file structure36.cif (mmCIF, C-alpha atoms)
data_query
loop_
_atom_site.label_atom_id
_atom_site.label_comp_id
_atom_site.auth_asym_id
_atom_site.auth_seq_id
_atom_site.Cartn_x
_atom_site.Cartn_y
_atom_site.Cartn_z
CA MET A 1 11.18 -22.05 55.62
CA ASN A 2 8.22 -20.11 56.86
CA ARG A 3 5.58 -20.51 54.18
CA GLN A 4 3.27 -17.89 55.63
CA GLY A 5 5.84 -15.12 55.97
CA ASN A 6 5.86 -11.93 53.92
CA THR A 7 9.10 -12.67 52.08
CA TYR A 8 7.95 -16.10 50.95
CA THR A 9 4.56 -14.72 49.89
CA PHE A 10 6.13 -11.94 47.82
CA ILE A 11 8.66 -14.20 46.13
CA TYR A 12 5.97 -16.80 45.45
CA ALA A 13 3.68 -14.24 43.83
CA VAL A 14 6.46 -12.77 41.67
CA VAL A 15 7.78 -16.13 40.48
CA LEU A 16 4.29 -17.42 39.71
CA VAL A 17 3.35 -14.35 37.69
CA VAL A 18 6.62 -14.37 35.73
CA ILE A 19 6.23 -18.05 34.86
CA VAL A 20 2.60 -17.63 33.80
CA ALA A 21 3.42 -14.53 31.74
CA ALA A 22 6.25 -16.33 29.96
CA LEU A 23 4.01 -19.31 29.20
CA LEU A 24 1.26 -17.11 27.80
CA ALA A 25 3.76 -15.19 25.68
CA VAL A 26 5.04 -18.45 24.20
CA VAL A 27 1.51 -19.70 23.47
CA SER A 28 0.58 -16.40 21.89
CA LEU A 29 3.67 -16.26 19.66
CA TRP A 30 3.20 -19.88 18.65
CA LEU A 31 -0.45 -19.46 17.65
CA GLN A 32 -0.24 -15.92 16.24
CA PRO A 33 0.51 -16.81 12.57
CA GLN A 34 -2.35 -19.31 12.48
CA GLN A 35 -4.74 -16.80 14.04
CA ASN A 36 -3.75 -14.01 11.65
CA GLU A 37 -4.27 -16.30 8.71
CA ASN A 38 -7.71 -17.22 10.04
CA VAL A 39 -8.59 -13.54 10.32
CA GLU A 40 -7.43 -12.73 6.78
CA ASN A 41 -9.14 -15.78 5.30
CA GLU A 42 -12.29 -14.81 7.17
CA LYS A 43 -12.08 -11.34 5.65
CA ARG A 44 -11.65 -12.75 2.15
CA ARG A 45 -14.56 -15.12 2.71
CA ASN A 46 -16.74 -12.28 3.97
CA ILE A 47 -15.90 -10.10 0.98
CA LEU A 48 -16.60 -12.99 -1.40
CA SER A 49 -19.85 -13.95 0.28
CA ALA A 50 -21.06 -10.37 -0.15
CA VAL A 51 -21.12 -11.21 -3.86
CA LYS A 52 -22.57 -14.68 -3.16
CA ILE A 53 -19.40 -16.65 -3.76
CA GLU A 54 -19.01 -19.40 -1.17
CA ALA A 55 -15.40 -20.00 -0.23
CA SER A 56 -13.91 -22.22 2.43
CA ALA A 57 -10.94 -21.13 4.51
CA GLU A 58 -8.67 -23.10 2.16
CA THR A 59 -10.01 -21.79 -1.15
CA SER A 60 -10.59 -18.18 -0.07
CA LYS A 61 -7.24 -16.84 -1.30
CA GLU A 62 -7.49 -18.45 -4.73
CA LEU A 63 -11.11 -17.37 -5.28
CA PHE A 64 -10.40 -13.89 -3.96
CA ASP A 65 -7.60 -13.38 -6.48
CA LYS A 66 -9.83 -14.74 -9.23
CA TYR A 67 -12.98 -12.65 -8.68
CA ILE A 68 -11.78 -9.41 -7.10
CA ILE A 69 -10.40 -7.52 -10.10
CA GLU A 70 -9.67 -4.21 -8.43
CA GLN A 71 -9.35 -2.80 -4.94
CA PHE A 72 -8.80 0.84 -4.10
CA ALA A 73 -9.60 3.44 -1.49
CA VAL A 74 -11.64 6.61 -1.93
CA ASN A 75 -12.24 9.63 0.27
CA SER A 76 -15.62 11.11 1.14
CA LYS A 77 -15.55 13.22 -2.05
CA GLY A 78 -15.36 10.03 -4.06
CA GLU A 79 -11.79 10.64 -5.28
CA LYS A 80 -9.36 7.74 -5.40
CA ILE A 81 -6.60 8.06 -2.82
CA THR A 82 -3.57 5.92 -2.06
CA GLY A 83 -4.04 3.21 0.54
CA ASP A 84 -4.21 -0.53 0.95
CA ALA A 85 -7.90 -1.41 0.71
CA PHE A 86 -7.57 -4.96 2.06
CA ARG A 87 -5.41 -4.09 5.05
CA THR A 88 -7.30 -0.93 6.03
CA ASP A 89 -7.95 -1.05 9.75
CA MET A 90 -11.69 -0.37 9.79
CA ALA A 91 -11.77 0.02 13.58
CA GLN A 92 -9.22 2.87 13.39
CA GLU A 93 -10.91 4.54 10.44
CA PHE A 94 -14.24 4.35 12.25
CA LYS A 95 -12.95 6.75 14.93
CA LYS A 96 -12.28 9.46 12.34
CA SER A 97 -14.86 11.69 10.76
CA CYS A 98 -16.18 10.83 7.32
CA GLU A 99 -14.00 13.44 5.62
CA GLU A 100 -10.76 11.94 6.95
CA ARG A 101 -11.62 8.29 6.46
CA LEU A 102 -9.98 5.96 4.03
CA LEU A 103 -12.93 4.24 2.36
CA PRO A 104 -12.03 0.92 0.72
CA VAL A 105 -13.83 -0.31 -2.39
CA PHE A 106 -13.51 -3.79 -3.85
CA VAL A 107 -14.60 -4.39 -7.42
CA ALA A 108 -15.66 -7.93 -8.26
CA GLN A 109 -16.16 -9.40 -11.70
CA THR A 110 -18.83 -12.04 -11.10
CA ASP A 111 -20.86 -14.16 -13.49
CA ASN A 112 -23.62 -11.56 -13.07
CA GLY A 113 -21.50 -8.56 -13.99
CA VAL A 114 -19.42 -6.01 -12.12
CA LYS A 115 -20.22 -5.50 -8.42
CA TYR A 116 -18.95 -2.93 -5.95
CA ILE A 117 -18.25 -4.22 -2.45
CA LEU A 118 -18.18 -1.69 0.39
CA PRO A 119 -16.95 -2.56 3.88
CA LEU A 120 -19.04 -1.40 6.85
CA TYR A 121 -18.17 -0.95 10.51
CA GLY A 122 -20.26 0.03 13.51
CA THR A 123 -21.32 -0.92 17.01
CA GLY A 124 -23.91 -3.41 18.27
CA LEU A 125 -25.01 -4.21 21.80
CA TRP A 126 -21.80 -5.69 23.22
CA GLY A 127 -19.13 -4.66 20.78
CA PRO A 128 -18.23 -3.86 17.20
CA LEU A 129 -20.17 -5.01 14.14
CA TRP A 130 -18.84 -5.07 10.63
CA GLY A 131 -19.90 -6.32 7.28
CA TYR A 132 -19.82 -5.90 3.53
CA LEU A 133 -22.52 -4.62 1.24
CA SER A 134 -22.29 -5.30 -2.47
CA LEU A 135 -24.03 -3.15 -5.04
CA ASP A 136 -24.86 -3.74 -8.68
CA GLU A 137 -23.14 -1.69 -11.35
CA ASP A 138 -25.84 1.00 -10.96
CA LYS A 139 -24.47 1.58 -7.41
CA ASN A 140 -28.06 1.52 -6.16
CA THR A 141 -29.44 -2.03 -6.04
CA VAL A 142 -28.07 -4.27 -3.28
CA TYR A 143 -26.61 -7.48 -4.70
CA GLY A 144 -25.63 -9.08 -1.41
CA ALA A 145 -24.82 -8.35 2.21
CA VAL A 146 -22.89 -10.09 4.92
CA PHE A 147 -22.54 -9.12 8.57
CA ALA A 148 -20.25 -10.17 11.38
CA HIS A 149 -19.80 -9.20 15.00
CA LYS A 150 -17.40 -9.46 17.87
CA GLY A 151 -19.62 -10.41 20.78
CA GLU A 152 -23.35 -10.22 20.13
CA THR A 153 -25.54 -12.66 22.07
CA PRO A 154 -25.56 -16.13 20.46
CA GLY A 155 -29.05 -16.98 19.20
CA LEU A 156 -30.20 -13.35 19.38
CA GLY A 157 -28.13 -10.46 18.04
CA ALA A 158 -25.60 -12.92 16.64
CA GLU A 159 -28.30 -14.02 14.15
CA ILE A 160 -27.34 -11.06 11.94
CA THR A 161 -24.65 -13.32 10.50
CA THR A 162 -27.21 -15.83 9.21
CA ALA A 163 -28.57 -16.00 5.68
CA PRO A 164 -32.25 -15.40 6.58
CA PHE A 165 -31.27 -11.95 7.87
CA SER A 166 -28.70 -10.91 5.28
CA ASP A 167 -30.67 -12.31 2.31
CA GLN A 168 -33.42 -9.80 3.00
CA PHE A 169 -31.14 -7.03 1.74
CA VAL A 170 -30.85 -8.51 -1.75
CA GLY A 171 -32.64 -6.42 -4.35
CA LYS A 172 -33.31 -3.49 -2.01
CA THR A 173 -32.30 -0.07 -3.27
CA ILE A 174 -30.44 2.58 -1.33
CA PHE A 175 -31.39 5.64 -3.39
CA ASP A 176 -34.81 7.06 -4.05
CA ASN A 177 -34.61 9.60 -6.92
CA GLU A 178 -31.00 10.58 -6.17
CA GLN A 179 -31.92 10.90 -2.48
CA LEU A 180 -29.89 8.55 -0.22
CA ILE A 181 -32.36 6.58 1.93
CA SER A 182 -30.10 3.68 2.98
CA ILE A 183 -31.86 0.57 4.28
CA LEU A 184 -34.13 0.72 7.31
CA ILE A 185 -34.54 -2.20 9.70
CA LYS A 186 -38.09 -2.51 11.01
CA LYS A 187 -39.27 -4.28 14.16
CA GLY A 188 -42.17 -6.70 14.32
CA GLY A 189 -42.13 -8.04 10.77
CA ASN A 190 -43.47 -4.78 9.33
CA ALA A 191 -40.88 -4.32 6.62
CA SER A 192 -42.26 -3.29 3.26
CA GLY A 193 -41.09 -1.43 0.21
CA PRO A 194 -37.69 -1.27 -1.46
CA HIS A 195 -35.77 0.26 1.47
CA GLU A 196 -36.86 -1.87 4.45
CA VAL A 197 -35.96 -5.22 6.00
CA ASP A 198 -37.09 -7.02 9.19
CA ALA A 199 -35.13 -6.83 12.44
CA ILE A 200 -34.02 -9.84 14.51
CA SER A 201 -36.48 -10.80 17.29
CA GLY A 202 -34.76 -10.31 20.62
CA GLY A 203 -31.87 -8.53 18.92
CA THR A 204 -33.26 -5.02 18.65
CA ILE A 205 -30.15 -3.13 19.69
CA THR A 206 -27.96 -5.18 17.36
CA SER A 207 -30.43 -4.63 14.51
CA LYS A 208 -30.45 -0.90 15.20
CA GLY A 209 -26.66 -1.03 15.15
CA VAL A 210 -26.69 -2.64 11.72
CA GLU A 211 -29.08 0.00 10.44
CA ALA A 212 -26.94 2.86 11.80
CA MET A 213 -23.79 1.24 10.42
CA ILE A 214 -25.21 0.98 6.90
CA ARG A 215 -26.60 4.49 6.96
CA SER A 216 -23.41 6.11 8.25
CA TYR A 217 -21.15 4.30 5.78
CA LEU A 218 -23.38 4.86 2.78
CA SER A 219 -23.46 8.56 3.57
CA CYS A 220 -19.64 8.57 3.61
CA TYR A 221 -19.62 6.80 0.25
CA GLU A 222 -22.41 8.98 -1.15
CA SER A 223 -20.21 11.00 -3.53
CA PHE A 224 -18.53 7.86 -4.81
CA LEU A 225 -21.90 6.17 -5.30
CA LYS A 226 -23.28 9.12 -7.27
CA GLN A 227 -20.44 8.98 -9.80
CA LYS A 228 -21.78 7.15 -12.83
CA MET B 1 -6.24 -42.38 50.69
CA SER B 2 -3.85 -45.35 51.01
CA GLU B 3 -0.80 -45.62 48.78
CA LYS B 4 -1.95 -48.87 47.24
CA GLU B 5 -5.36 -47.68 46.15
CA SER B 6 -5.90 -48.48 42.48
CA LEU B 7 -6.35 -45.70 39.93
CA PHE B 8 -9.99 -46.50 39.40
CA SER B 9 -11.04 -47.63 42.87
CA ALA B 10 -14.69 -47.29 43.83
CA LYS B 11 -13.87 -44.01 45.54
CA ASN B 12 -12.13 -42.58 42.49
CA ARG B 13 -14.91 -43.71 40.18
CA GLN B 14 -17.30 -41.90 42.45
CA LEU B 15 -15.24 -38.71 42.01
CA LEU B 16 -15.63 -39.00 38.26
CA LEU B 17 -19.23 -40.19 38.00
CA GLY B 18 -20.82 -38.57 41.08
CA PRO B 19 -20.93 -35.08 39.53
CA LEU B 20 -22.87 -36.47 36.57
CA SER B 21 -25.90 -37.06 38.76
CA LYS B 22 -26.06 -36.91 42.57
CA ASP B 23 -23.32 -34.31 42.97
CA ASN B 24 -24.06 -32.44 39.78
CA PRO B 25 -22.55 -28.97 40.01
CA VAL B 26 -25.47 -27.32 38.24
CA LEU B 27 -28.41 -29.34 39.59
CA VAL B 28 -27.31 -29.98 43.17
CA GLN B 29 -24.62 -27.45 43.96
CA ILE B 30 -26.30 -24.77 41.78
CA LEU B 31 -22.98 -23.50 40.42
CA GLY B 32 -22.25 -22.20 36.94
CA ILE B 33 -25.85 -21.25 36.21
CA CYS B 34 -24.86 -17.96 34.56
CA SER B 35 -23.07 -19.44 31.57
CA ALA B 36 -25.63 -22.26 31.35
CA LEU B 37 -28.12 -19.54 30.40
CA ALA B 38 -25.86 -17.75 27.96
CA VAL B 39 -24.44 -20.37 25.62
CA THR B 40 -27.29 -22.87 25.37
CA ALA B 41 -29.37 -21.39 22.57
CA LYS B 42 -27.59 -23.74 20.13
CA LEU B 43 -26.16 -27.23 20.63
CA GLU B 44 -22.76 -26.78 19.00
CA PRO B 45 -21.47 -23.85 21.08
CA ALA B 46 -22.83 -25.61 24.18
CA ILE B 47 -20.71 -28.68 23.47
CA VAL B 48 -17.56 -26.68 22.78
CA MET B 49 -18.23 -24.68 25.94
CA ALA B 50 -18.67 -27.92 27.91
CA LEU B 51 -15.36 -29.29 26.61
CA SER B 52 -13.57 -26.00 27.31
CA VAL B 53 -14.86 -25.85 30.88
CA THR B 54 -13.94 -29.52 31.41
CA ALA B 55 -10.40 -28.86 30.19
CA VAL B 56 -10.05 -25.83 32.45
CA THR B 57 -11.47 -27.53 35.58
CA ALA B 58 -9.33 -30.62 35.01
CA PHE B 59 -6.05 -28.77 34.45
CA SER B 60 -6.62 -26.14 37.12
CA ASN B 61 -7.46 -28.87 39.66
CA VAL B 62 -4.29 -30.80 38.81
CA ILE B 63 -1.99 -27.77 38.79
CA LEU B 64 -3.33 -26.39 42.06
CA SER B 65 -3.27 -29.83 43.63
CA LEU B 66 0.43 -30.07 42.73
CA LEU B 67 1.05 -26.61 44.17
CA ARG B 68 -1.21 -27.07 47.19
CA ASN B 69 1.55 -27.45 49.79
CA THR B 70 3.52 -24.44 48.55
CA ILE B 71 0.79 -21.83 48.25
CA PRO B 72 0.85 -19.15 50.99
CA THR B 73 -2.64 -19.18 52.52
CA ARG B 74 -3.04 -15.41 52.40
CA ILE B 75 -2.76 -15.19 48.62
CA ARG B 76 -4.30 -18.52 47.76
CA ILE B 77 -7.35 -17.10 45.96
CA ILE B 78 -5.10 -14.85 43.86
CA VAL B 79 -2.87 -17.80 42.96
CA GLN B 80 -5.96 -19.77 41.93
CA LEU B 81 -7.17 -16.88 39.81
CA VAL B 82 -3.82 -16.51 38.04
CA VAL B 83 -3.73 -20.21 37.16
CA VAL B 84 -7.36 -20.33 36.01
CA ALA B 85 -7.05 -17.09 34.02
CA ALA B 86 -3.92 -18.37 32.27
CA LEU B 87 -5.65 -21.63 31.35
CA VAL B 88 -8.69 -19.81 30.03
CA ILE B 89 -6.51 -17.59 27.85
CA VAL B 90 -4.75 -20.66 26.47
CA VAL B 91 -8.11 -22.30 25.65
CA ASP B 92 -9.29 -19.10 23.98
CA GLN B 93 -6.10 -18.79 21.91
CA ILE B 94 -6.27 -22.43 20.83
CA LEU B 95 -9.89 -22.10 19.77
CA LYS B 96 -9.04 -18.95 17.80
CA ALA B 97 -6.21 -20.73 16.00
CA PHE B 98 -7.76 -24.11 15.28
CA SER B 99 -11.51 -23.71 15.59
CA TYR B 100 -12.07 -20.18 14.41
CA GLU B 101 -15.76 -20.54 13.51
CA ILE B 102 -16.77 -21.81 16.93
CA SER B 103 -14.57 -19.36 18.75
CA LYS B 104 -16.49 -16.61 16.94
CA GLN B 105 -19.80 -18.08 18.09
CA LEU B 106 -18.70 -18.41 21.70
CA SER B 107 -17.04 -14.99 21.60
CA VAL B 108 -16.96 -13.46 25.07
CA PHE B 109 -18.17 -16.55 26.87
CA VAL B 110 -14.83 -18.33 26.60
CA GLY B 111 -13.20 -15.48 28.51
CA LEU B 112 -16.01 -15.65 31.03
CA ILE B 113 -15.13 -19.25 31.93
CA ILE B 114 -12.94 -17.55 34.55
CA THR B 115 -16.05 -16.45 36.37
CA ASN B 116 -17.57 -19.93 36.32
CA CYS B 117 -18.10 -20.72 39.99
CA ILE B 118 -17.58 -24.46 39.41
CA ILE B 119 -13.87 -23.96 38.74
CA MET B 120 -13.02 -21.93 41.83
CA GLY B 121 -15.48 -24.01 43.83
CA ARG B 122 -13.79 -27.30 42.99
CA ILE B 123 -10.30 -25.89 43.58
CA GLU B 124 -11.24 -24.59 47.02
CA ALA B 125 -13.31 -27.57 48.02
CA PHE B 126 -11.28 -30.37 46.55
CA ALA B 127 -7.97 -29.74 44.79
CA LEU B 128 -6.32 -27.87 47.69
CA ALA B 129 -6.90 -30.86 49.97
CA ASN B 130 -6.29 -33.81 47.66
CA LYS B 131 -3.63 -35.41 45.51
CA PRO B 132 -3.34 -34.67 41.78
CA TRP B 133 -4.95 -37.86 40.45
CA PRO B 134 -8.22 -37.65 42.43
CA SER B 135 -8.22 -33.91 41.67
CA LEU B 136 -8.00 -34.63 37.96
CA LEU B 137 -10.94 -37.04 38.18
CA ASP B 138 -12.92 -34.56 40.24
CA GLY B 139 -12.20 -31.81 37.69
CA ILE B 140 -13.19 -33.94 34.71
CA GLY B 141 -16.30 -35.22 36.51
CA ASN B 142 -17.51 -31.77 37.42
CA GLY B 143 -16.73 -30.38 33.98
CA LEU B 144 -18.71 -33.18 32.36
CA GLY B 145 -21.54 -32.85 34.89
CA TYR B 146 -21.81 -29.19 33.95
CA GLY B 147 -21.50 -30.03 30.25
CA LEU B 148 -24.25 -32.64 30.48
CA ILE B 149 -26.77 -30.07 31.70
CA LEU B 150 -25.60 -27.58 29.07
CA VAL B 151 -26.16 -30.13 26.32
CA ILE B 152 -29.60 -31.16 27.63
CA VAL B 153 -30.73 -27.54 27.88
CA ALA B 154 -29.25 -26.65 24.49
CA PHE B 155 -30.93 -29.69 22.88
CA PHE B 156 -34.40 -28.53 23.92
CA ARG B 157 -33.73 -24.86 23.26
CA GLU B 158 -32.40 -25.42 19.76
CA LEU B 159 -35.07 -28.02 18.90
CA LEU B 160 -38.04 -26.01 20.13
CA GLY B 161 -36.61 -22.55 19.50
CA SER B 162 -35.12 -22.95 16.05
CA GLY B 163 -36.42 -26.35 14.88
CA THR B 164 -32.84 -27.47 14.24
CA LEU B 165 -30.15 -29.64 15.84
CA PHE B 166 -26.50 -28.78 15.17
CA GLY B 167 -27.86 -26.31 12.63
CA PHE B 168 -29.69 -28.98 10.60
CA GLN B 169 -33.43 -28.68 10.17
CA VAL B 170 -35.07 -31.59 12.04
CA ILE B 171 -38.66 -30.42 12.33
CA PRO B 172 -40.16 -31.24 8.94
CA GLN B 173 -41.54 -28.51 6.72
CA VAL B 174 -44.93 -30.23 6.73
CA LEU B 175 -45.48 -29.27 10.37
CA TYR B 176 -44.80 -25.64 9.58
CA ASP B 177 -47.26 -25.84 6.71
CA TRP B 178 -49.86 -27.08 9.20
CA GLY B 179 -49.25 -24.05 11.36
CA TYR B 180 -46.51 -25.17 13.76
CA GLN B 181 -44.23 -22.34 14.81
CA ASN B 182 -40.84 -22.23 16.47
CA ASN B 183 -41.12 -20.98 20.02
CA GLY B 184 -39.20 -17.70 19.97
CA LEU B 185 -39.23 -17.62 23.77
CA MET B 186 -36.93 -20.65 23.80
CA ILE B 187 -34.01 -18.71 22.39
CA LEU B 188 -34.26 -16.05 25.10
CA PRO B 189 -32.17 -16.61 28.26
CA PRO B 190 -35.10 -16.85 30.74
CA MET B 191 -36.24 -20.10 29.13
CA ALA B 192 -32.86 -21.65 29.95
CA LEU B 193 -33.49 -20.86 33.60
CA ILE B 194 -36.95 -22.45 33.42
CA LEU B 195 -35.51 -25.52 31.67
CA VAL B 196 -32.81 -25.87 34.32
CA GLY B 197 -35.58 -25.61 36.92
CA ILE B 198 -37.54 -28.39 35.22
CA ILE B 199 -34.44 -30.58 35.05
CA ILE B 200 -33.81 -30.01 38.77
CA TRP B 201 -37.44 -30.93 39.49
CA VAL B 202 -37.24 -34.19 37.51
CA HIS B 203 -33.85 -34.97 39.03
CA ARG B 204 -35.07 -34.51 42.60
CA ALA B 205 -38.25 -36.43 41.95
CA ARG B 206 -36.05 -39.38 40.99
CA ASN B 207 -33.52 -38.90 43.80
CA LYS B 208 -35.67 -38.41 46.89
CA ASP B 209 -32.66 -38.18 49.24
CA LEU B 210 -31.70 -34.85 47.61
CA ILE B 211 -34.93 -33.17 48.68
CA GLU B 212 -34.33 -30.75 51.55
CA LYS B 213 -36.50 -31.11 54.64
#
call {"tool": "encode", "arguments": {"input": "structure36.cif", "output": "C-alpha cells"}}
result
Amino acid sequence: MNRQGNTYTFIYAVVLVVIVAALLAVVSLWLQPQQNENVENEKRRNILSAVKIEASAETSKELFDKYIIEQFAVNSKGEKITGDAFRTDMAQEFKKSCEERLLPVFVAQTDNGVKYILPLYGTGLWGPLWGYLSLDEDKNTVYGAVFAHKGETPGLGAEITTAPFSDQFVGKTIFDNEQLISILIKKGGNASGPHEVDAISGGTITSKGVEAMIRSYLSCYESFLKQK
Amino acid sequence: MSEKESLFSAKNRQLLLGPLSKDNPVLVQILGICSALAVTAKLEPAIVMALSVTAVTAFSNVILSLLRNTIPTRIRIIVQLVVVAALVIVVDQILKAFSYEISKQLSVFVGLIITNCIIMGRIEAFALANKPWPSLLDGIGNGLGYGLILVIVAFFRELLGSGTLFGFQVIPQVLYDWGYQNNGLMILPPMALILVGIIIWVHRARNKDLIEK
C-alpha cells in the first residue's frame, strides 16, 4: 500500500485521533472521582485553615463537620437566601454583579469563639485567585486568611499561599468607624497601621489581585457585615 | 544495530548516560531552557517536573519508534504532536489525582511540557530512525539529563533565594541574626539563566572537546 498517498494519510490521521481520544476519555473517567475528591478536600482544608485548623486530606471531612456549625448564603443586602454554600461555583458567581451574586458564609465554632468565614474570588497575573477570610464575631477583626491560585508563578506570585504572607492579615481590621476600608497591600515593606499588609516581592500583579479581590468581596458582603 | 546486541551494550549505555554529560540536552544541545527557568525556584517542583518530562520523553520515543514505519511523512510532525500532547495530558491527570499538592505547584508548567523542545527534538532526531529499545534509553537519558540540570539549578536557587531545601530551613537563624539575607534575585527567572550559563561554563571548562573553534 502506498504509505504517502492521500487516502492512507487521511485514514491514518483519523484512526490515530480516534484512538487517542478514546484513551484520554478512559483516563479522564477513571481518574475523575479521585480528582473531584481532592478538590473538595482541598476546599474543606482551605476553609478550615482560614480559622487556623490544620487538616490533612484524610481528616478534612471529619474536622469540617465538627467545626463548621452553619453554612448559608446571603445576597448583597445581607438577607439569607436559599443556596448550597459549599457547592457554590465561585467562578460563575464572580461573573455576575454584586447584587445578583450568591454569597456563601460559613460559621465556625472554634476554641476561640464563633468565626465567620467568607470565600473570595478574583484574578491574578495568569489566572484566577481565590481564598477565604475569617472574621471574629465583631465582623471586623480578621482572624485568619488563606489564599490559593490556579497558575501564578512558582516562587513569586504563588507565594500568596504561604503562611508568611497570609499571617500578616491576622488582627487587621476591615472597618474604620463604620467605613469599609478593606485591607490594602503595600509594596516595598511599607505596610503600617491596622489596614495594611506587605506585598510579595516580584509578585506585584498577584498582590494587587489579592487586594482587589478582598476589597470587591467585602463590599459585596458589606450589608451582611454591618448586621450586628 | 545487529540482532544479537545485548540490551546494555556499550552503545546502548552511551544512549542512556551520554545525555547526562557530554550530550546533555540543556548544556550542549541548548534545548528546554524555557521550562528550566520557570520551575526551578524550588527543588520539589523541579524534581517532579524532571520525572514528568522523563516519563513523557521515554514513552513518546517508544511509541513513535513503534509507529515509525507507518507514519506518512507529510503529517509526521502532527502525529508526533498528538502522541506527545496525549501523554502530557495523562501525566497532568495522574498528578491531579494522586499528587494534588505538587500538581498545584507546577500548575501550567505540566501542560507546557508539550512545548519542551527536547521531546520533539529527540523524536525527530532519534526515535523515528531507531528501534524501540534504544529509543527508550535515549528518551530516559535525555529526560534525566534535563532533570539533572533542573535539580542543580533549583538547589542553588532555593538555597540562596529562600534559605531552604525541600521547604526546610537549612540556613541557620544565627546567620540571619548576623545580617545575612536571602538573595531575592535568585527567585527571579533571570538568575536561572545566569546559573545555567555558569553550569555551561564549568562543564565546557572540564570538557575541552565541546568548546567551539
call {"tool": "atom_distance", "arguments": {"input": "structure36.cif", "atom1": "atom CA of A:Phe169", "atom2": "atom CA of A:Ala50"}}
result
10.8 Å
call {"tool": "residues_around", "arguments": {"input": "structure36.cif", "residues": "stretch 104-110 of chain B", "least_positions_apart": "4", "cutoff": "10 Å", "atoms": "only C-alpha atoms", "output": "ChimeraX atom specification"}}
result
/A:126,148-155,158 /B:35,38-39,42,44-46,48-49,52-53,88-89,91-93,95-96,99-100,114-115
call {"tool": "resolve_selection", "arguments": {"input": "structure36.cif", "expression": "the PyMOL selection byres ((chain A) within 8 of (chain B))", "output": "list in words"}}
result
Arg3, Gln4, Tyr8, Thr9, Tyr12, Ala13, Leu16, Val17, Val20, Leu24, Val27, Ser28, Leu31, Gln32, Gln34, Gln35, Asn38, Lys150, Gly151, Thr153, Pro154, Gly155, Leu156, Ala158, Ser201 and Gly202 of chain A
call {"tool": "write_last_selection", "arguments": {"input": "structure36.cif", "atoms": "C-alpha atoms", "output": "mmCIF file, keeping the file's coordinate frame"}}
result
data_model
loop_
_atom_site.group_PDB
_atom_site.id
_atom_site.type_symbol
_atom_site.label_atom_id
_atom_site.label_comp_id
_atom_site.auth_asym_id
_atom_site.auth_seq_id
_atom_site.Cartn_x
_atom_site.Cartn_y
_atom_site.Cartn_z
ATOM 1 C CA ARG A 3 5.580 -20.510 54.180
ATOM 2 C CA GLN A 4 3.270 -17.890 55.630
ATOM 3 C CA TYR A 8 7.950 -16.100 50.950
ATOM 4 C CA THR A 9 4.560 -14.720 49.890
ATOM 5 C CA TYR A 12 5.970 -16.800 45.450
ATOM 6 C CA ALA A 13 3.680 -14.240 43.830
ATOM 7 C CA LEU A 16 4.290 -17.420 39.710
ATOM 8 C CA VAL A 17 3.350 -14.350 37.690
ATOM 9 C CA VAL A 20 2.600 -17.630 33.800
ATOM 10 C CA LEU A 24 1.260 -17.110 27.800
ATOM 11 C CA VAL A 27 1.510 -19.700 23.470
ATOM 12 C CA SER A 28 0.580 -16.400 21.890
ATOM 13 C CA LEU A 31 -0.450 -19.460 17.650
ATOM 14 C CA GLN A 32 -0.240 -15.920 16.240
ATOM 15 C CA GLN A 34 -2.350 -19.310 12.480
ATOM 16 C CA GLN A 35 -4.740 -16.800 14.040
ATOM 17 C CA ASN A 38 -7.710 -17.220 10.040
ATOM 18 C CA LYS A 150 -17.400 -9.460 17.870
ATOM 19 C CA GLY A 151 -19.620 -10.410 20.780
ATOM 20 C CA THR A 153 -25.540 -12.660 22.070
ATOM 21 C CA PRO A 154 -25.560 -16.130 20.460
ATOM 22 C CA GLY A 155 -29.050 -16.980 19.200
ATOM 23 C CA LEU A 156 -30.200 -13.350 19.380
ATOM 24 C CA ALA A 158 -25.600 -12.920 16.640
ATOM 25 C CA SER A 201 -36.480 -10.800 17.290
ATOM 26 C CA GLY A 202 -34.760 -10.310 20.620
#
call {"tool": "resolve_selection", "arguments": {"input": "structure36.cif", "expression": "the PyMOL selection byres ((chain B and resi 62-66) around 7)", "output": "PyMOL selection string"}}
result
chain B and resi 58-61+67-68+127-128+130-132+135-136
call {"tool": "residues_around", "arguments": {"input": "structure36.cif", "residues": "B:Gly197", "least_positions_apart": "4", "cutoff": "12 Å", "atoms": "all atoms listed in the file", "output": "JSON list (two decimals) with C-alpha atoms, in the frame of the given file"}}
result
[["chain", "number", "residue", "atom", "x", "y", "z"],
["B", 26, "VAL", "CA", -25.47, -27.32, 38.24],
["B", 27, "LEU", "CA", -28.41, -29.34, 39.59],
["B", 28, "VAL", "CA", -27.31, -29.98, 43.17],
["B", 30, "ILE", "CA", -26.30, -24.77, 41.78],
["B", 33, "ILE", "CA", -25.85, -21.25, 36.21],
["B", 36, "ALA", "CA", -25.63, -22.26, 31.35],
["B", 37, "LEU", "CA", -28.12, -19.54, 30.40],
["B", 149, "ILE", "CA", -26.77, -30.07, 31.70],
["B", 153, "VAL", "CA", -30.73, -27.54, 27.88],
["B", 190, "PRO", "CA", -35.10, -16.85, 30.74],
["B", 191, "MET", "CA", -36.24, -20.10, 29.13],
["B", 192, "ALA", "CA", -32.86, -21.65, 29.95],
["B", 193, "LEU", "CA", -33.49, -20.86, 33.60],
["B", 201, "TRP", "CA", -37.44, -30.93, 39.49],
["B", 202, "VAL", "CA", -37.24, -34.19, 37.51],
["B", 203, "HIS", "CA", -33.85, -34.97, 39.03],
["B", 204, "ARG", "CA", -35.07, -34.51, 42.60]]
call {"tool": "residues_around", "arguments": {"input": "structure36.cif", "residues": "A:Phe147", "least_positions_apart": "3", "cutoff": "12 Å", "atoms": "all atoms listed in the file", "output": "PyMOL selection string"}}
result
chain A and resi 42-43+45-47+49-50+118-124+128-134+144+150+152+157-167+169+206-207+209-211+213-214
